[in-house]
Amino acid sequence: MKKFLSPDTVVGQCPNCRRDTVFDATEDVNIYTCGLCYKKAKQWKNGKIHWAVITDDNSYVDYL
């Protein structure tokens, strides 16, 4: 039996802990919380999904 994720969850690699995880949506657009380390990450969609670290001094910093 397959379990389906809700539309508010996304699967990807966390830029903070560098592990494959399930992200939970927040109230902010394209901002998700890692299910393992509980840090926030921003999702970029431009042909390929990228994740960016969110810091206190900037709203986001590219991890590439």
# chains A, B, ... in the order shown; residues from 1 in each chain; ligands from 1
>>> residues_around(residues="Ser6 of chain A", least_positions_apart="5", cutoff="12 Å", atoms="only C-alpha atoms", output="list of chain:residue names")
A:Val11, A:Val22, A:Phe23, A:Asp24, A:Ala25
>>> select_by_dssp(residues="segment 4-48 of chain A", states="strand (DSSP E or B)", output="PDB file with N, CA and C atoms, in the first residue's frame")
ATOM      1  N   THR A   9       3.731  19.010   1.612  1.00  0.00           N
ATOM      2  CA  THR A   9       5.033  18.395   1.861  1.00  0.00           C
ATOM      3  C   THR A   9       5.765  18.172   0.545  1.00  0.00           C
ATOM      4  N   VAL A  10       7.091  18.279   0.591  1.00  0.00           N
ATOM      5  CA  VAL A  10       7.935  18.136  -0.592  1.00  0.00           C
ATOM      6  C   VAL A  10       9.141  17.284  -0.205  1.00  0.00           C
ATOM      7  N   VAL A  11       9.591  16.435  -1.119  1.00  0.00           N
ATOM      8  CA  VAL A  11      10.770  15.610  -0.881  1.00  0.00           C
ATOM      9  C   VAL A  11      11.971  16.254  -1.563  1.00  0.00           C
ATOM     10  N   GLY A  12      13.127  16.270  -0.888  1.00  0.00           N
ATOM     11  CA  GLY A  12      14.334  16.843  -1.475  1.00  0.00           C
ATOM     12  C   GLY A  12      15.515  16.681  -0.540  1.00  0.00           C
ATOM     13  N   GLN A  13      16.660  17.260  -0.935  1.00  0.00           N
ATOM     14  CA  GLN A  13      17.860  17.224  -0.100  1.00  0.00           C
ATOM     15  C   GLN A  13      17.988  18.552   0.623  1.00  0.00           C
ATOM     16  N   ASP A  20      18.626  13.545   2.467  1.00  0.00           N
ATOM     17  CA  ASP A  20      17.331  13.456   1.800  1.00  0.00           C
ATOM     18  C   ASP A  20      16.252  13.457   2.868  1.00  0.00           C
ATOM     19  N   THR A  21      15.236  14.276   2.673  1.00  0.00           N
ATOM     20  CA  THR A  21      14.229  14.463   3.709  1.00  0.00           C
ATOM     21  C   THR A  21      12.894  14.862   3.109  1.00  0.00           C
ATOM     22  N   VAL A  22      11.907  14.956   3.956  1.00  0.00           N
ATOM     23  CA  VAL A  22      10.600  15.487   3.598  1.00  0.00           C
ATOM     24  C   VAL A  22      10.500  16.882   4.205  1.00  0.00           C
ATOM     25  N   PHE A  23      10.141  17.867   3.382  1.00  0.00           N
ATOM     26  CA  PHE A  23       9.987  19.244   3.830  1.00  0.00           C
ATOM     27  C   PHE A  23       8.512  19.527   4.078  1.00  0.00           C
ATOM     28  N   ASP A  24       8.234  20.237   5.147  1.00  0.00           N
ATOM     29  CA  ASP A  24       6.874  20.669   5.461  1.00  0.00           C
ATOM     30  C   ASP A  24       6.725  22.138   5.104  1.00  0.00           C
ATOM     31  N   ALA A  25       5.602  22.493   4.492  1.00  0.00           N
ATOM     32  CA  ALA A  25       5.363  23.878   4.071  1.00  0.00           C
ATOM     33  C   ALA A  25       5.157  24.777   5.286  1.00  0.00           C
ATOM     34  N   ILE A  31       8.889  28.561   1.226  1.00  0.00           N
ATOM     35  CA  ILE A  31       9.720  28.332   2.398  1.00  0.00           C
ATOM     36  C   ILE A  31       9.229  27.057   3.074  1.00  0.00           C
ATOM     37  N   TYR A  32      10.160  26.120   3.302  1.00  0.00           N
ATOM     38  CA  TYR A  32       9.822  24.825   3.878  1.00  0.00           C
ATOM     39  C   TYR A  32      10.722  24.534   5.069  1.00  0.00           C
ATOM     40  N   THR A  33      10.263  23.655   5.965  1.00  0.00           N
ATOM     41  CA  THR A  33      11.033  23.234   7.117  1.00  0.00           C
ATOM     42  C   THR A  33      11.469  21.790   6.931  1.00  0.00           C
ATOM     43  N   CYS A  34      12.761  21.511   7.149  1.00  0.00           N
ATOM     44  CA  CYS A  34      13.316  20.164   7.022  1.00  0.00           C
ATOM     45  C   CYS A  34      12.701  19.271   8.096  1.00  0.00           C
ATOM     46  N   LYS A  40      14.856  25.972   8.238  1.00  0.00           N
ATOM     47  CA  LYS A  40      14.092  26.406   7.075  1.00  0.00           C
ATOM     48  C   LYS A  40      14.969  26.474   5.833  1.00  0.00           C
ATOM     49  N   ALA A  41      14.349  26.217   4.682  1.00  0.00           N
ATOM     50  CA  ALA A  41      15.025  26.293   3.393  1.00  0.00           C
ATOM     51  C   ALA A  41      14.051  26.889   2.376  1.00  0.00           C
ATOM     52  N   LYS A  42      14.619  27.615   1.397  1.00  0.00           N
ATOM     53  CA  LYS A  42      13.808  28.199   0.325  1.00  0.00           C
ATOM     54  C   LYS A  42      13.912  27.317  -0.904  1.00  0.00           C
ATOM     55  N   GLN A  43      12.788  27.065  -1.546  1.00  0.00           N
ATOM     56  CA  GLN A  43      12.752  26.235  -2.749  1.00  0.00           C
ATOM     57  C   GLN A  43      12.727  27.129  -3.981  1.00  0.00           C
ATOM     58  N   TRP A  44      13.661  26.875  -4.912  1.00  0.00           N
ATOM     59  CA  TRP A  44      13.719  27.573  -6.201  1.00  0.00           C
ATOM     60  C   TRP A  44      13.275  26.605  -7.280  1.00  0.00           C
ATOM     61  N   LYS A  45      12.403  27.060  -8.172  1.00  0.00           N
ATOM     62  CA  LYS A  45      11.944  26.227  -9.281  1.00  0.00           C
ATOM     63  C   LYS A  45      12.295  26.941 -10.579  1.00  0.00           C
TER      64      LYS A  45
END
>>> atom_distance(atom1="atom CA of Cys17 of chain A", atom2="atom CA of Asn46 of chain A")
22.7 Å
>>> atom_distance(atom1="atom CA of Arg19 of chain A", atom2="atom CA of Ala52 of chain A")
13.7 Å
>>> closest_residue(among="A:Pro7, A:Thr26, A:Gly35, A:Pro15", to="Val53 of chain A", atoms="only C-alpha atoms")
A:Pro15
>>> decode(residues="segment 14-64 of chain A", atoms="N, CA and C atoms", output="PDB file, in the first residue's frame")
ATOM      1  N   CYS A  14      18.079  18.487   1.938  1.00  0.00           N
ATOM      2  CA  CYS A  14      18.169  19.696   2.756  1.00  0.00           C
ATOM      3  C   CYS A  14      19.539  20.335   2.576  1.00  0.00           C
ATOM      4  N   PRO A  15      19.596  21.647   2.299  1.00  0.00           N
ATOM      5  CA  PRO A  15      20.884  22.324   2.155  1.00  0.00           C
ATOM      6  C   PRO A  15      21.582  22.548   3.497  1.00  0.00           C
ATOM      7  N   ASN A  16      20.866  22.389   4.595  1.00  0.00           N
ATOM      8  CA  ASN A  16      21.451  22.568   5.924  1.00  0.00           C
ATOM      9  C   ASN A  16      22.138  21.294   6.414  1.00  0.00           C
ATOM     10  N   CYS A  17      21.404  20.171   6.432  1.00  0.00           N
ATOM     11  CA  CYS A  17      21.963  18.916   6.944  1.00  0.00           C
ATOM     12  C   CYS A  17      22.445  17.989   5.831  1.00  0.00           C
ATOM     13  N   ARG A  18      22.182  18.342   4.573  1.00  0.00           N
ATOM     14  CA  ARG A  18      22.636  17.597   3.391  1.00  0.00           C
ATOM     15  C   ARG A  18      22.096  16.162   3.334  1.00  0.00           C
ATOM     16  N   ARG A  19      20.920  15.927   3.902  1.00  0.00           N
ATOM     17  CA  ARG A  19      20.308  14.598   3.853  1.00  0.00           C
ATOM     18  C   ARG A  19      18.997  14.665   3.092  1.00  0.00           C
ATOM     19  N   ASP A  20      18.626  13.545   2.467  1.00  0.00           N
ATOM     20  CA  ASP A  20      17.331  13.456   1.800  1.00  0.00           C
ATOM     21  C   ASP A  20      16.252  13.457   2.868  1.00  0.00           C
ATOM     22  N   THR A  21      15.236  14.276   2.673  1.00  0.00           N
ATOM     23  CA  THR A  21      14.229  14.463   3.709  1.00  0.00           C
ATOM     24  C   THR A  21      12.894  14.862   3.109  1.00  0.00           C
ATOM     25  N   VAL A  22      11.907  14.956   3.956  1.00  0.00           N
ATOM     26  CA  VAL A  22      10.600  15.487   3.598  1.00  0.00           C
ATOM     27  C   VAL A  22      10.500  16.882   4.205  1.00  0.00           C
ATOM     28  N   PHE A  23      10.141  17.867   3.382  1.00  0.00           N
ATOM     29  CA  PHE A  23       9.987  19.244   3.830  1.00  0.00           C
ATOM     30  C   PHE A  23       8.512  19.527   4.078  1.00  0.00           C
ATOM     31  N   ASP A  24       8.234  20.237   5.147  1.00  0.00           N
ATOM     32  CA  ASP A  24       6.874  20.669   5.461  1.00  0.00           C
ATOM     33  C   ASP A  24       6.725  22.138   5.104  1.00  0.00           C
ATOM     34  N   ALA A  25       5.602  22.493   4.492  1.00  0.00           N
ATOM     35  CA  ALA A  25       5.363  23.878   4.071  1.00  0.00           C
ATOM     36  C   ALA A  25       5.157  24.777   5.286  1.00  0.00           C
ATOM     37  N   THR A  26       5.558  26.041   5.135  1.00  0.00           N
ATOM     38  CA  THR A  26       5.299  27.068   6.146  1.00  0.00           C
ATOM     39  C   THR A  26       4.255  28.024   5.586  1.00  0.00           C
ATOM     40  N   GLU A  27       3.953  29.066   6.327  1.00  0.00           N
ATOM     41  CA  GLU A  27       2.982  30.052   5.841  1.00  0.00           C
ATOM     42  C   GLU A  27       3.559  30.924   4.739  1.00  0.00           C
ATOM     43  N   ASP A  28       4.900  31.027   4.652  1.00  0.00           N
ATOM     44  CA  ASP A  28       5.558  31.822   3.617  1.00  0.00           C
ATOM     45  C   ASP A  28       5.645  31.029   2.317  1.00  0.00           C
ATOM     46  N   VAL A  29       5.558  31.713   1.196  1.00  0.00           N
ATOM     47  CA  VAL A  29       5.613  31.069  -0.117  1.00  0.00           C
ATOM     48  C   VAL A  29       7.019  30.526  -0.376  1.00  0.00           C
ATOM     49  N   ASN A  30       7.115  29.280  -0.815  1.00  0.00           N
ATOM     50  CA  ASN A  30       8.363  28.589  -1.170  1.00  0.00           C
ATOM     51  C   ASN A  30       9.338  28.430  -0.005  1.00  0.00           C
ATOM     52  N   ILE A  31       8.889  28.561   1.226  1.00  0.00           N
ATOM     53  CA  ILE A  31       9.720  28.332   2.398  1.00  0.00           C
ATOM     54  C   ILE A  31       9.229  27.057   3.074  1.00  0.00           C
ATOM     55  N   TYR A  32      10.160  26.120   3.302  1.00  0.00           N
ATOM     56  CA  TYR A  32       9.822  24.825   3.878  1.00  0.00           C
ATOM     57  C   TYR A  32      10.722  24.534   5.069  1.00  0.00           C
ATOM     58  N   THR A  33      10.263  23.655   5.965  1.00  0.00           N
ATOM     59  CA  THR A  33      11.033  23.234   7.117  1.00  0.00           C
ATOM     60  C   THR A  33      11.469  21.790   6.931  1.00  0.00           C
ATOM     61  N   CYS A  34      12.761  21.511   7.149  1.00  0.00           N
ATOM     62  CA  CYS A  34      13.316  20.164   7.022  1.00  0.00           C
ATOM     63  C   CYS A  34      12.701  19.271   8.096  1.00  0.00           C
ATOM     64  N   GLY A  35      12.338  18.064   7.729  1.00  0.00           N
ATOM     65  CA  GLY A  35      11.765  17.114   8.673  1.00  0.00           C
ATOM     66  C   GLY A  35      12.795  16.472   9.584  1.00  0.00           C
ATOM     67  N   LEU A  36      14.091  16.648   9.304  1.00  0.00           N
ATOM     68  CA  LEU A  36      15.143  16.041  10.127  1.00  0.00           C
ATOM     69  C   LEU A  36      15.830  17.052  11.034  1.00  0.00           C
ATOM     70  N   CYS A  37      16.296  18.173  10.484  1.00  0.00           N
ATOM     71  CA  CYS A  37      17.026  19.155  11.298  1.00  0.00           C
ATOM     72  C   CYS A  37      16.140  20.341  11.704  1.00  0.00           C
ATOM     73  N   TYR A  38      14.940  20.441  11.159  1.00  0.00           N
ATOM     74  CA  TYR A  38      13.954  21.477  11.478  1.00  0.00           C
ATOM     75  C   TYR A  38      14.402  22.892  11.137  1.00  0.00           C
ATOM     76  N   LYS A  39      15.379  23.025  10.242  1.00  0.00           N
ATOM     77  CA  LYS A  39      15.785  24.354   9.775  1.00  0.00           C
ATOM     78  C   LYS A  39      15.007  24.687   8.512  1.00  0.00           C
ATOM     79  N   LYS A  40      14.856  25.972   8.238  1.00  0.00           N
ATOM     80  CA  LYS A  40      14.092  26.406   7.075  1.00  0.00           C
ATOM     81  C   LYS A  40      14.969  26.474   5.833  1.00  0.00           C
ATOM     82  N   ALA A  41      14.349  26.217   4.682  1.00  0.00           N
ATOM     83  CA  ALA A  41      15.025  26.293   3.393  1.00  0.00           C
ATOM     84  C   ALA A  41      14.051  26.889   2.376  1.00  0.00           C
ATOM     85  N   LYS A  42      14.619  27.615   1.397  1.00  0.00           N
ATOM     86  CA  LYS A  42      13.808  28.199   0.325  1.00  0.00           C
ATOM     87  C   LYS A  42      13.912  27.317  -0.904  1.00  0.00           C
ATOM     88  N   GLN A  43      12.788  27.065  -1.546  1.00  0.00           N
ATOM     89  CA  GLN A  43      12.752  26.235  -2.749  1.00  0.00           C
ATOM     90  C   GLN A  43      12.727  27.129  -3.981  1.00  0.00           C
ATOM     91  N   TRP A  44      13.661  26.875  -4.912  1.00  0.00           N
ATOM     92  CA  TRP A  44      13.719  27.573  -6.201  1.00  0.00           C
ATOM     93  C   TRP A  44      13.275  26.605  -7.280  1.00  0.00           C
ATOM     94  N   LYS A  45      12.403  27.060  -8.172  1.00  0.00           N
ATOM     95  CA  LYS A  45      11.944  26.227  -9.281  1.00  0.00           C
ATOM     96  C   LYS A  45      12.295  26.941 -10.579  1.00  0.00           C
ATOM     97  N   ASN A  46      13.296  26.420 -11.286  1.00  0.00           N
ATOM     98  CA  ASN A  46      13.711  27.018 -12.544  1.00  0.00           C
ATOM     99  C   ASN A  46      14.171  25.894 -13.467  1.00  0.00           C
ATOM    100  N   GLY A  47      13.241  25.038 -13.871  1.00  0.00           N
ATOM    101  CA  GLY A  47      13.588  23.894 -14.688  1.00  0.00           C
ATOM    102  C   GLY A  47      14.082  22.732 -13.845  1.00  0.00           C
ATOM    103  N   LYS A  48      14.739  23.033 -12.725  1.00  0.00           N
ATOM    104  CA  LYS A  48      15.211  22.043 -11.763  1.00  0.00           C
ATOM    105  C   LYS A  48      14.994  22.647 -10.385  1.00  0.00           C
ATOM    106  N   ILE A  49      14.601  21.833  -9.436  1.00  0.00           N
ATOM    107  CA  ILE A  49      14.344  22.348  -8.096  1.00  0.00           C
ATOM    108  C   ILE A  49      15.650  22.480  -7.334  1.00  0.00           C
ATOM    109  N   HIS A  50      15.908  23.656  -6.796  1.00  0.00           N
ATOM    110  CA  HIS A  50      17.085  23.938  -5.978  1.00  0.00           C
ATOM    111  C   HIS A  50      16.614  24.357  -4.588  1.00  0.00           C
ATOM    112  N   TRP A  51      17.433  24.064  -3.604  1.00  0.00           N
ATOM    113  CA  TRP A  51      17.140  24.469  -2.232  1.00  0.00           C
ATOM    114  C   TRP A  51      18.201  25.439  -1.764  1.00  0.00           C
ATOM    115  N   ALA A  52      17.823  26.472  -1.023  1.00  0.00           N
ATOM    116  CA  ALA A  52      18.757  27.476  -0.527  1.00  0.00           C
ATOM    117  C   ALA A  52      18.633  27.593   0.989  1.00  0.00           C
ATOM    118  N   VAL A  53      19.768  27.835   1.645  1.00  0.00           N
ATOM    119  CA  VAL A  53      19.801  28.022   3.088  1.00  0.00           C
ATOM    120  C   VAL A  53      19.239  29.393   3.439  1.00  0.00           C
ATOM    121  N   ILE A  54      18.459  29.471   4.489  1.00  0.00           N
ATOM    122  CA  ILE A  54      17.944  30.749   4.984  1.00  0.00           C
ATOM    123  C   ILE A  54      18.726  31.090   6.241  1.00  0.00           C
ATOM    124  N   THR A  55      19.301  32.295   6.277  1.00  0.00           N
ATOM    125  CA  THR A  55      20.062  32.744   7.442  1.00  0.00           C
ATOM    126  C   THR A  55      19.328  33.896   8.123  1.00  0.00           C
ATOM    127  N   ASP A  56      19.785  34.277   9.308  1.00  0.00           N
ATOM    128  CA  ASP A  56      19.149  35.372  10.035  1.00  0.00           C
ATOM    129  C   ASP A  56      19.421  36.732   9.396  1.00  0.00           C
ATOM    130  N   ASP A  57      20.634  36.934   8.848  1.00  0.00           N
ATOM    131  CA  ASP A  57      20.987  38.229   8.281  1.00  0.00           C
ATOM    132  C   ASP A  57      20.470  38.405   6.858  1.00  0.00           C
ATOM    133  N   ASN A  58      20.216  37.329   6.118  1.00  0.00           N
ATOM    134  CA  ASN A  58      19.647  37.405   4.764  1.00  0.00           C
ATOM    135  C   ASN A  58      18.422  36.514   4.716  1.00  0.00           C
ATOM    136  N   SER A  59      17.511  36.825   3.828  1.00  0.00           N
ATOM    137  CA  SER A  59      16.331  35.973   3.686  1.00  0.00           C
ATOM    138  C   SER A  59      16.710  34.632   3.060  1.00  0.00           C
ATOM    139  N   TYR A  60      17.766  34.600   2.263  1.00  0.00           N
ATOM    140  CA  TYR A  60      18.258  33.346   1.691  1.00  0.00           C
ATOM    141  C   TYR A  60      19.679  33.540   1.193  1.00  0.00           C
ATOM    142  N   VAL A  61      20.413  32.440   1.108  1.00  0.00           N
ATOM    143  CA  VAL A  61      21.761  32.427   0.553  1.00  0.00           C
ATOM    144  C   VAL A  61      21.855  31.178  -0.300  1.00  0.00           C
ATOM    145  N   ASP A  62      22.268  31.317  -1.556  1.00  0.00           N
ATOM    146  CA  ASP A  62      22.407  30.134  -2.416  1.00  0.00           C
ATOM    147  C   ASP A  62      23.468  29.214  -1.854  1.00  0.00           C
ATOM    148  N   TYR A  63      23.217  27.923  -1.883  1.00  0.00           N
ATOM    149  CA  TYR A  63      24.164  26.955  -1.324  1.00  0.00           C
ATOM    150  C   TYR A  63      25.098  26.393  -2.356  1.00  0.00           C
ATOM    151  N   LEU A  64      24.999  26.816  -3.592  1.00  0.00           N
ATOM    152  CA  LEU A  64      25.869  26.272  -4.645  1.00  0.00           C
ATOM    153  C   LEU A  64      27.226  26.911  -4.624  1.00  0.00           C
TER     154      LEU A  64
END
